[in-house]
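Trainee: Provided herewith is a single structure, encoded as structure tokens, for subsequent inquiry.
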Amino acid sequence: MVNRQEILETLSEAMEINGAYLTEETALEELGSAWDSVCRLSVISMLDSYTHRAIPVNAIVESKTIKDLIDLICPSANQIIGYETMIKENNVLNTIREEVVKIIKTAFKAVADNSNIHLPANIDEETRILGGDSPFDSIHIINLIFLIEENIIDTFDLDITLANDQTMCKEKSPFISISKLADYIVGHFH
């Protein structure tokens with residue numbers, strides 16, 4: 001299991017700051033250029049790798065101290081939620097994810113039907129959205145994104161923008177497959 005000290009050391013490396021000068025109480029605004037946009041992207045990537053899920057960007061932006069960043073992946077003792085609550089939360093997130101997958105598949109089929117594109121009989125979570133074996137060109141992707149965003153808003157009252165610099169240019173874009181996109185969207189429910 002990851003401990004807070006290990007995360008602190010990794011953060012100091014990502015920020016290129018001597019670990020002796022970085023504590024959990026360090027205010028991010030006091031770091032100056034060490035807390036620039038490049039560093040933030042590095043920290044987002046690092047946090048995602050520790051949690052194996054996308055941490056909402058607003059949680060990182062709202063962080064005021066190093067402790068706030070560490071708490072995103074390794075909560076302090078007074079922040080740990082009860083086991084039963086965690087199970088309930090996971091069940092809720094699984095239910096939400098199932099609904100998100102249905103929304104994506106429905107939009108996928110609607111775009112294909114409207115464009116007379118023949119899809120394989122089995123559209124599953126590993127079906128490609130971009131690149132590779134994707135049946136869609138860029139115009140189809142725009143229509144797909146619009147339909148998904150619209151249905152997410154209608155179903156969950158969650159205003160989400162899927163097409164942005166981060167998602168379209170990411171090395172590990174959420175648009176690689178239905179599964180990756182569903183995980184990315186569900187990450188906004190945390």
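Every chain in the structure tokens has a letter given in the order shown (A, B, ...), and although residue numbers restart at 1 in each chain, ligands are simply numbered from 1 in the order shown.
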Report as a list in words all protein, DNA and RNA residues lying within 9 Å of segment 67-72 of chain A, evaluated on only C-alpha atoms, omitting residues in the same chain fewer than 4 positions from it.

Mentor: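 Selected residues are Arg4, Ile7, Leu8, Leu11, Thr23, Glu24, Glu25, Thr26, Ala27, Val43, Leu47, Thr51, Ile55, Ala59, Ile60, Glu62, Ser63, Ser76 and Gln79 of chain A.
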
Trainee: Which residues, written as a ChimeraX atom specification, have at least one atom at most 7 Å from Leu28 of chain A, with only C-alpha atoms counted and residues fewer than 4 positions away on the same chain left out?

Mentor: /A:35,64-66

Trainee: Could you give me, as a ChimeraX atom specification, the residues within 10 Å of segment 120-129 of chain A, counting only C-alpha atoms and dropping anything in the same chain fewer than 3 positions from it?

Mentor: /A:101-102,104-106,108-109,117,132-137,140-141,144,174-182

Trainee: When distances are computed from only C-alpha atoms, which of A:Val57, A:Ile139, A:Ile185, A:Ile145 shows the smallest separation from Glu98 of chain A?

Mentor: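 The shortest atom-to-atom distance to Glu98 of chain A comes from A:Ile185.
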
Trainee: Running DSSP on the backbone, which parts of segment 102-132 of chain A land in helix (DSSP H, G or I), as number ranges by chain?

Mentor: A: 102-114

Trainee: What is the atom CA of Thr161 of chain A to atom CA of Asp183 of chain A distance in Å?

Mentor: 14.6 Å

Trainee: Nearest to Ile73 of chain A: which of A:Asp165, A:Asp36, A:Asp48, A:Glu9 is it, counting only C-alpha atoms?

Mentor: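 Going through A:Asp165, A:Asp36, A:Asp48, A:Glu9 one by one, the smallest distance to Ile73 of chain A is for A:Asp48.
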
Trainee: Just how far from atom CA of Leu162 of chain A is atom CA of Phe189 of chain A, in Å to one decimal?

Mentor: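 Interatomic distance, atom CA of Phe189 of chain A to atom CA of Leu162 of chain A: 14.0 Å.
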